[in-house]
file protein.cif (mmCIF, C-alpha atoms and all ligand atoms; chains and numbers go by the auth columns)
data_structure
#
loop_
_atom_site.group_PDB
_atom_site.id
_atom_site.type_symbol
_atom_site.label_atom_id
_atom_site.label_comp_id
_atom_site.label_asym_id
_atom_site.label_seq_id
_atom_site.Cartn_x
_atom_site.Cartn_y
_atom_site.Cartn_z
_atom_site.B_iso_or_equiv
_atom_site.auth_seq_id
_atom_site.auth_asym_id
ATOM 1 C CA MET A 1 0.000 0.000 0.000 0.00 22 A
ATOM 2 C CA THR A 2 1.330 3.423 -0.934 0.00 23 A
ATOM 3 C CA GLN A 3 0.575 5.971 1.767 0.00 24 A
ATOM 4 C CA ASN A 4 1.301 9.575 0.934 0.00 25 A
ATOM 5 C CA SER A 5 2.187 11.204 4.251 0.00 26 A
ATOM 6 C CA THR A 6 2.477 14.669 2.699 0.00 27 A
ATOM 7 C CA VAL A 7 -1.274 14.812 2.080 0.00 28 A
ATOM 8 C CA GLU A 8 -2.632 17.629 4.206 0.00 29 A
ATOM 9 C CA THR A 9 -5.526 17.036 6.571 0.00 30 A
ATOM 10 C CA ALA A 10 -7.458 19.781 4.770 0.00 31 A
ATOM 11 C CA ASP A 11 -7.141 17.848 1.516 0.00 32 A
ATOM 12 C CA ILE A 12 -8.409 14.701 3.224 0.00 33 A
ATOM 13 C CA LEU A 13 -11.392 16.565 4.656 0.00 34 A
ATOM 14 C CA ALA A 14 -12.164 18.186 1.292 0.00 35 A
ATOM 15 C CA GLY A 15 -11.885 14.798 -0.426 0.00 36 A
ATOM 16 C CA LEU A 16 -14.185 13.174 2.119 0.00 37 A
ATOM 17 C CA LYS A 17 -16.719 15.954 1.604 0.00 38 A
ATOM 18 C CA LYS A 18 -16.800 14.956 -2.069 0.00 39 A
ATOM 19 C CA VAL A 19 -17.133 11.264 -1.129 0.00 40 A
ATOM 20 C CA ARG A 20 -20.046 12.113 1.192 0.00 41 A
ATOM 21 C CA SER A 21 -21.856 14.162 -1.451 0.00 42 A
ATOM 22 C CA ARG A 22 -21.548 11.296 -3.953 0.00 43 A
ATOM 23 C CA ARG A 23 -22.961 8.909 -1.324 0.00 44 A
ATOM 24 C CA TRP A 24 -25.907 11.234 -0.662 0.00 45 A
ATOM 25 C CA LEU A 25 -26.615 11.436 -4.407 0.00 46 A
ATOM 26 C CA LEU A 26 -26.586 7.640 -4.639 0.00 47 A
ATOM 27 C CA TRP A 27 -28.941 7.042 -1.707 0.00 48 A
ATOM 28 C CA GLY A 28 -31.106 9.965 -2.815 0.00 49 A
ATOM 29 C CA VAL A 29 -31.671 8.460 -6.265 0.00 50 A
ATOM 30 C CA ILE A 30 -32.402 5.041 -4.750 0.00 51 A
ATOM 31 C CA LEU A 31 -34.840 6.472 -2.193 0.00 52 A
ATOM 32 C CA ILE A 32 -36.654 8.708 -4.684 0.00 53 A
ATOM 33 C CA TYR A 33 -37.818 5.669 -6.650 0.00 54 A
ATOM 34 C CA ILE A 34 -40.798 4.604 -4.527 0.00 55 A
ATOM 35 C CA PRO A 35 -42.307 8.091 -3.911 0.00 56 A
ATOM 36 C CA SER A 36 -41.911 9.067 -7.577 0.00 57 A
ATOM 37 C CA MET A 37 -43.651 5.864 -8.720 0.00 58 A
ATOM 38 C CA LEU A 38 -46.451 6.472 -6.203 0.00 59 A
ATOM 39 C CA VAL A 39 -46.871 10.024 -7.514 0.00 60 A
ATOM 40 C CA ALA A 40 -46.979 8.716 -11.095 0.00 61 A
ATOM 41 C CA LEU A 41 -49.645 6.166 -10.110 0.00 62 A
ATOM 42 C CA GLU A 42 -51.594 8.884 -8.312 0.00 63 A
ATOM 43 C CA LEU A 43 -51.520 10.960 -11.506 0.00 64 A
ATOM 44 C CA GLN A 44 -52.795 7.865 -13.382 0.00 65 A
ATOM 45 C CA ALA A 45 -49.776 7.709 -15.666 0.00 66 A
ATOM 46 C CA THR A 46 -50.064 5.189 -18.483 0.00 67 A
ATOM 47 C CA SER A 47 -47.830 2.118 -18.464 0.00 68 A
ATOM 48 C CA ARG A 48 -45.893 3.764 -21.298 0.00 69 A
ATOM 49 C CA VAL A 49 -45.152 6.796 -19.122 0.00 70 A
ATOM 50 C CA MET A 50 -44.306 4.515 -16.186 0.00 71 A
ATOM 51 C CA GLY A 51 -41.885 2.662 -18.437 0.00 72 A
ATOM 52 C CA TRP A 52 -40.227 5.933 -19.426 0.00 73 A
ATOM 53 C CA LEU A 53 -39.987 7.052 -15.807 0.00 74 A
ATOM 54 C CA PHE A 54 -38.450 3.719 -14.847 0.00 75 A
ATOM 55 C CA GLY A 55 -35.966 3.985 -17.723 0.00 76 A
ATOM 56 C CA ILE A 56 -34.971 7.499 -16.694 0.00 77 A
ATOM 57 C CA TRP A 57 -34.548 6.338 -13.095 0.00 78 A
ATOM 58 C CA VAL A 58 -32.330 3.393 -14.145 0.00 79 A
ATOM 59 C CA LEU A 59 -30.237 5.800 -16.241 0.00 80 A
ATOM 60 C CA LEU A 60 -29.937 8.198 -13.292 0.00 81 A
ATOM 61 C CA LEU A 61 -28.975 5.284 -11.032 0.00 82 A
ATOM 62 C CA CYS A 62 -26.241 4.214 -13.460 0.00 83 A
ATOM 63 C CA VAL A 63 -24.854 7.766 -13.460 0.00 84 A
ATOM 64 C CA VAL A 64 -24.762 8.120 -9.663 0.00 85 A
ATOM 65 C CA VAL A 65 -23.338 4.602 -9.171 0.00 86 A
ATOM 66 C CA GLY A 66 -20.676 5.526 -11.725 0.00 87 A
ATOM 67 C CA MET A 67 -19.925 8.751 -9.861 0.00 88 A
ATOM 68 C CA ALA A 68 -19.731 6.913 -6.527 0.00 89 A
ATOM 69 C CA THR A 69 -17.473 4.291 -8.124 0.00 90 A
ATOM 70 C CA VAL A 70 -14.879 6.699 -9.508 0.00 91 A
ATOM 71 C CA VAL A 71 -14.628 8.963 -6.436 0.00 92 A
ATOM 72 C CA LYS A 72 -11.112 8.649 -5.019 0.00 93 A
ATOM 73 C CA CYS A 73 -10.045 8.218 -1.414 0.00 94 A
ATOM 74 C CA PRO A 74 -8.214 11.423 -0.402 0.00 95 A
ATOM 75 C CA ARG A 75 -5.682 9.461 1.702 0.00 96 A
ATOM 76 C CA CYS A 76 -4.653 6.477 -0.452 0.00 97 A
ATOM 77 C CA THR A 77 -5.962 7.912 -3.800 0.00 98 A
ATOM 78 C CA LYS A 78 -7.588 4.583 -4.710 0.00 99 A
ATOM 79 C CA PRO A 79 -11.318 4.363 -5.560 0.00 100 A
ATOM 80 C CA TYR A 80 -13.065 4.852 -2.208 0.00 101 A
ATOM 81 C CA HIS A 81 -15.918 2.357 -2.721 0.00 102 A
ATOM 82 C CA THR A 82 -14.405 -0.034 -5.245 0.00 103 A
ATOM 83 C CA ASN A 83 -12.061 -2.962 -4.735 0.00 104 A
ATOM 84 C CA GLY A 84 -11.395 -4.508 -8.149 0.00 105 A
ATOM 85 C CA PRO A 85 -14.778 -5.195 -9.783 0.00 106 A
ATOM 86 C CA THR A 86 -16.630 -5.034 -6.462 0.00 107 A
ATOM 87 C CA PHE A 87 -18.597 -1.898 -5.594 0.00 108 A
ATOM 88 C CA LEU A 88 -19.079 -1.631 -1.830 0.00 109 A
ATOM 89 C CA PRO A 89 -20.811 1.558 -0.631 0.00 110 A
ATOM 90 C CA VAL A 90 -19.571 1.062 2.939 0.00 111 A
ATOM 91 C CA ARG A 91 -18.760 3.863 5.386 0.00 112 A
ATOM 92 C CA LYS A 92 -14.975 3.573 5.086 0.00 113 A
ATOM 93 C CA CYS A 93 -12.356 3.348 2.342 0.00 114 A
ATOM 94 C CA VAL A 94 -12.184 -0.277 1.157 0.00 115 A
ATOM 95 C CA HIS A 95 -8.382 0.089 0.779 0.00 116 A
ATOM 96 C CA CYS A 96 -7.016 2.079 3.724 0.00 117 A
ATOM 97 C CA GLY A 97 -10.075 2.127 6.028 0.00 118 A
ATOM 98 C CA LEU A 98 -10.378 5.934 6.158 0.00 119 A
ATOM 99 C CA PRO A 99 -13.849 6.480 7.678 0.00 120 A
ATOM 100 C CA VAL A 100 -16.323 8.672 5.797 0.00 121 A
ATOM 101 C CA ASN A 101 -16.904 10.746 8.963 0.00 122 A
ATOM 102 C CA TYR A 102 -13.187 11.208 9.659 0.00 123 A
ATOM 103 C CA SER A 103 -12.361 14.443 11.447 0.00 124 A
ATOM 104 C CA ALA A 104 -8.949 15.812 12.320 0.00 125 A
HETATM 105 ZN ZN ZN B . -8.196 4.976 1.197 0.00 201 A
#
call {"tool": "encode", "arguments": {"input": "protein.cif", "output": "structure tokens"}}
result
Amino acid sequence: MTQNSTVETADILAGLKKVRSRRWLLWGVILIYIPSMLVALELQATSRVMGWLFGIWVLLLCVVVGMATVVKCPRCTKPYHTNGPTFLPVRKCVHCGLPVNYSA
């Protein structure tokens, strides 16, 4: 493991802020699914419209998963949530264990 000891704490905190915002985006898109489908049903959307909404949601999900996958750990500079092909949205870096709520 390559640890860069010259990385400033401020950089780590700024990097973690980015990691946290990507995580919020991811959970936000996942959680918005059920209420948005309920609203669409309430508005008596046709199955065609429902299909479109579902397609848009899947697309959005792909984008936010992609964004959460590529976000780098500010300490070890490896992908924060990804170890090889495995995407793990856990609360610490899957490489160096830097917690998402780390504070100096
Ligand atoms: Zn790390």
call {"tool": "closest_atom_pairs", "arguments": {"input": "protein.cif", "of": "chain A", "to": "ligand ZN 201 (chain A)", "cutoff": "9 Å", "atoms": "all atoms listed in the file", "output": "Markdown table"}}
result
| residue | atom | partner | partner_atom | distance |
| --- | --- | --- | --- | --- |
| A:Gln24 | CA | A:ZN201 | ZN | 8.8 |
| A:Lys93 | CA | A:ZN201 | ZN | 7.8 |
| A:Cys94 | CA | A:ZN201 | ZN | 4.6 |
| A:Pro95 | CA | A:ZN201 | ZN | 6.6 |
| A:Arg96 | CA | A:ZN201 | ZN | 5.2 |
| A:Cys97 | CA | A:ZN201 | ZN | 4.2 |
| A:Thr98 | CA | A:ZN201 | ZN | 6.2 |
| A:Lys99 | CA | A:ZN201 | ZN | 6.0 |
| A:Pro100 | CA | A:ZN201 | ZN | 7.5 |
| A:Tyr101 | CA | A:ZN201 | ZN | 5.9 |
| A:Lys113 | CA | A:ZN201 | ZN | 7.9 |
| A:Cys114 | CA | A:ZN201 | ZN | 4.6 |
| A:Val115 | CA | A:ZN201 | ZN | 6.6 |
| A:His116 | CA | A:ZN201 | ZN | 4.9 |
| A:Cys117 | CA | A:ZN201 | ZN | 4.0 |
| A:Gly118 | CA | A:ZN201 | ZN | 5.9 |
| A:Leu119 | CA | A:ZN201 | ZN | 5.5 |
| A:Pro120 | CA | A:ZN201 | ZN | 8.7 |
call {"tool": "closest_residue", "arguments": {"input": "protein.cif", "among": "A:Thr90, A:Val50, A:His102, A:Glu63", "to": "Ile77 in chain A", "atoms": "all atoms listed in the file"}}
result
A:Val50
call {"tool": "residues_around", "arguments": {"input": "protein.cif", "residues": "Val84 in chain A", "least_positions_apart": "5", "cutoff": "12 Å", "atoms": "all atoms listed in the file", "output": "list in words"}}
result
Arg43, Leu46, Leu47, Val50, Ile51, Ile77, Trp78, Val79, Ala89, Thr90 and Val91 of chain A
call {"tool": "atom_distance", "arguments": {"input": "protein.cif", "atom1": "CA of Gly36 in chain A", "atom2": "CA of Thr107 in chain A"}}
result
21.3 Å
call {"tool": "closest_residue", "arguments": {"input": "protein.cif", "among": "A:Ala31, A:Leu109, A:Leu74, A:Val86", "to": "Ile55 in chain A", "atoms": "all atoms listed in the file"}}
result
A:Leu74
call {"tool": "atom_distance", "arguments": {"input": "protein.cif", "atom1": "CA of Leu82 in chain A", "atom2": "CA of Leu64 in chain A"}}
result
23.3 Å
call {"tool": "closest_residue", "arguments": {"input": "protein.cif", "among": "A:Val121, A:Ile33, A:Leu59, A:Val70", "to": "Trp45 in chain A", "atoms": "all atoms listed in the file"}}
result
A:Val121
call {"tool": "atom_distance", "arguments": {"input": "protein.cif", "atom1": "CA of Ser124 in chain A", "atom2": "CA of Gly49 in chain A"}}
result
24.0 Å
call {"tool": "build_atoms", "arguments": {"input": "protein.cif", "residues": "range 67-90 of chain A", "atoms": "N, CA, C and O atoms", "output": "PDB file, in the frame of the given file"}}
result
ATOM      1  N   THR A  67     -49.907   6.422 -17.703  1.00  0.00           N
ATOM      2  CA  THR A  67     -50.064   5.189 -18.483  1.00  0.00           C
ATOM      3  C   THR A  67     -48.840   4.304 -18.282  1.00  0.00           C
ATOM      4  O   THR A  67     -47.794   4.764 -17.807  1.00  0.00           O
ATOM      5  N   SER A  68     -48.959   3.031 -18.648  1.00  0.00           N
ATOM      6  CA  SER A  68     -47.830   2.118 -18.464  1.00  0.00           C
ATOM      7  C   SER A  68     -46.650   2.561 -19.328  1.00  0.00           C
ATOM      8  O   SER A  68     -45.491   2.326 -18.987  1.00  0.00           O
ATOM      9  N   ARG A  69     -46.955   3.231 -20.444  1.00  0.00           N
ATOM     10  CA  ARG A  69     -45.893   3.764 -21.298  1.00  0.00           C
ATOM     11  C   ARG A  69     -45.089   4.835 -20.564  1.00  0.00           C
ATOM     12  O   ARG A  69     -43.861   4.824 -20.568  1.00  0.00           O
ATOM     13  N   VAL A  70     -45.814   5.735 -19.903  1.00  0.00           N
ATOM     14  CA  VAL A  70     -45.152   6.796 -19.122  1.00  0.00           C
ATOM     15  C   VAL A  70     -44.379   6.183 -17.963  1.00  0.00           C
ATOM     16  O   VAL A  70     -43.235   6.568 -17.687  1.00  0.00           O
ATOM     17  N   MET A  71     -44.989   5.199 -17.292  1.00  0.00           N
ATOM     18  CA  MET A  71     -44.306   4.515 -16.186  1.00  0.00           C
ATOM     19  C   MET A  71     -43.011   3.870 -16.670  1.00  0.00           C
ATOM     20  O   MET A  71     -41.991   3.920 -15.989  1.00  0.00           O
ATOM     21  N   GLY A  72     -43.074   3.278 -17.845  1.00  0.00           N
ATOM     22  CA  GLY A  72     -41.885   2.662 -18.437  1.00  0.00           C
ATOM     23  C   GLY A  72     -40.788   3.688 -18.681  1.00  0.00           C
ATOM     24  O   GLY A  72     -39.617   3.449 -18.371  1.00  0.00           O
ATOM     25  N   TRP A  73     -41.185   4.838 -19.194  1.00  0.00           N
ATOM     26  CA  TRP A  73     -40.227   5.933 -19.426  1.00  0.00           C
ATOM     27  C   TRP A  73     -39.614   6.403 -18.117  1.00  0.00           C
ATOM     28  O   TRP A  73     -38.396   6.590 -18.029  1.00  0.00           O
ATOM     29  N   LEU A  74     -40.488   6.598 -17.113  1.00  0.00           N
ATOM     30  CA  LEU A  74     -39.987   7.052 -15.807  1.00  0.00           C
ATOM     31  C   LEU A  74     -38.993   6.050 -15.243  1.00  0.00           C
ATOM     32  O   LEU A  74     -37.931   6.422 -14.730  1.00  0.00           O
ATOM     33  N   PHE A  75     -39.336   4.755 -15.356  1.00  0.00           N
ATOM     34  CA  PHE A  75     -38.450   3.719 -14.847  1.00  0.00           C
ATOM     35  C   PHE A  75     -37.113   3.748 -15.596  1.00  0.00           C
ATOM     36  O   PHE A  75     -36.044   3.675 -14.985  1.00  0.00           O
ATOM     37  N   GLY A  76     -37.189   3.918 -16.914  1.00  0.00           N
ATOM     38  CA  GLY A  76     -35.966   3.985 -17.723  1.00  0.00           C
ATOM     39  C   GLY A  76     -35.083   5.149 -17.325  1.00  0.00           C
ATOM     40  O   GLY A  76     -33.864   5.008 -17.196  1.00  0.00           O
ATOM     41  N   ILE A  77     -35.725   6.307 -17.112  1.00  0.00           N
ATOM     42  CA  ILE A  77     -34.971   7.499 -16.694  1.00  0.00           C
ATOM     43  C   ILE A  77     -34.322   7.258 -15.337  1.00  0.00           C
ATOM     44  O   ILE A  77     -33.164   7.597 -15.119  1.00  0.00           O
ATOM     45  N   TRP A  78     -35.078   6.602 -14.433  1.00  0.00           N
ATOM     46  CA  TRP A  78     -34.548   6.338 -13.095  1.00  0.00           C
ATOM     47  C   TRP A  78     -33.336   5.394 -13.172  1.00  0.00           C
ATOM     48  O   TRP A  78     -32.318   5.620 -12.506  1.00  0.00           O
ATOM     49  N   VAL A  79     -33.447   4.343 -13.990  1.00  0.00           N
ATOM     50  CA  VAL A  79     -32.330   3.393 -14.145  1.00  0.00           C
ATOM     51  C   VAL A  79     -31.092   4.134 -14.676  1.00  0.00           C
ATOM     52  O   VAL A  79     -29.977   3.937 -14.191  1.00  0.00           O
ATOM     53  N   LEU A  80     -31.333   5.023 -15.661  1.00  0.00           N
ATOM     54  CA  LEU A  80     -30.237   5.800 -16.241  1.00  0.00           C
ATOM     55  C   LEU A  80     -29.562   6.668 -15.170  1.00  0.00           C
ATOM     56  O   LEU A  80     -28.332   6.708 -15.051  1.00  0.00           O
ATOM     57  N   LEU A  81     -30.415   7.342 -14.379  1.00  0.00           N
ATOM     58  CA  LEU A  81     -29.937   8.198 -13.292  1.00  0.00           C
ATOM     59  C   LEU A  81     -29.134   7.378 -12.280  1.00  0.00           C
ATOM     60  O   LEU A  81     -28.075   7.790 -11.806  1.00  0.00           O
ATOM     61  N   LEU A  82     -29.645   6.169 -11.985  1.00  0.00           N
ATOM     62  CA  LEU A  82     -28.975   5.284 -11.032  1.00  0.00           C
ATOM     63  C   LEU A  82     -27.592   4.886 -11.561  1.00  0.00           C
ATOM     64  O   LEU A  82     -26.614   4.899 -10.814  1.00  0.00           O
ATOM     65  N   CYS A  83     -27.534   4.573 -12.856  1.00  0.00           N
ATOM     66  CA  CYS A  83     -26.241   4.214 -13.460  1.00  0.00           C
ATOM     67  C   CYS A  83     -25.246   5.366 -13.310  1.00  0.00           C
ATOM     68  O   CYS A  83     -24.081   5.158 -12.981  1.00  0.00           O
ATOM     69  N   VAL A  84     -25.727   6.595 -13.545  1.00  0.00           N
ATOM     70  CA  VAL A  84     -24.854   7.766 -13.460  1.00  0.00           C
ATOM     71  C   VAL A  84     -24.328   7.943 -12.034  1.00  0.00           C
ATOM     72  O   VAL A  84     -23.116   8.092 -11.833  1.00  0.00           O
ATOM     73  N   VAL A  85     -25.221   7.875 -11.031  1.00  0.00           N
ATOM     74  CA  VAL A  85     -24.762   8.120  -9.663  1.00  0.00           C
ATOM     75  C   VAL A  85     -23.911   6.967  -9.130  1.00  0.00           C
ATOM     76  O   VAL A  85     -22.986   7.203  -8.357  1.00  0.00           O
ATOM     77  N   VAL A  86     -24.207   5.728  -9.566  1.00  0.00           N
ATOM     78  CA  VAL A  86     -23.338   4.602  -9.171  1.00  0.00           C
ATOM     79  C   VAL A  86     -21.955   4.806  -9.790  1.00  0.00           C
ATOM     80  O   VAL A  86     -20.932   4.636  -9.123  1.00  0.00           O
ATOM     81  N   GLY A  87     -21.949   5.244 -11.065  1.00  0.00           N
ATOM     82  CA  GLY A  87     -20.676   5.526 -11.725  1.00  0.00           C
ATOM     83  C   GLY A  87     -19.886   6.595 -10.986  1.00  0.00           C
ATOM     84  O   GLY A  87     -18.688   6.451 -10.758  1.00  0.00           O
ATOM     85  N   MET A  88     -20.588   7.662 -10.587  1.00  0.00           N
ATOM     86  CA  MET A  88     -19.925   8.751  -9.861  1.00  0.00           C
ATOM     87  C   MET A  88     -19.402   8.286  -8.507  1.00  0.00           C
ATOM     88  O   MET A  88     -18.319   8.671  -8.088  1.00  0.00           O
ATOM     89  N   ALA A  89     -20.177   7.430  -7.826  1.00  0.00           N
ATOM     90  CA  ALA A  89     -19.731   6.913  -6.527  1.00  0.00           C
ATOM     91  C   ALA A  89     -18.581   5.926  -6.710  1.00  0.00           C
ATOM     92  O   ALA A  89     -17.755   5.769  -5.815  1.00  0.00           O
ATOM     93  N   THR A  90     -18.532   5.269  -7.861  1.00  0.00           N
ATOM     94  CA  THR A  90     -17.473   4.291  -8.124  1.00  0.00           C
ATOM     95  C   THR A  90     -16.130   4.971  -8.380  1.00  0.00           C
ATOM     96  O   THR A  90     -15.105   4.511  -7.900  1.00  0.00           O
TER      97      THR A  90
END
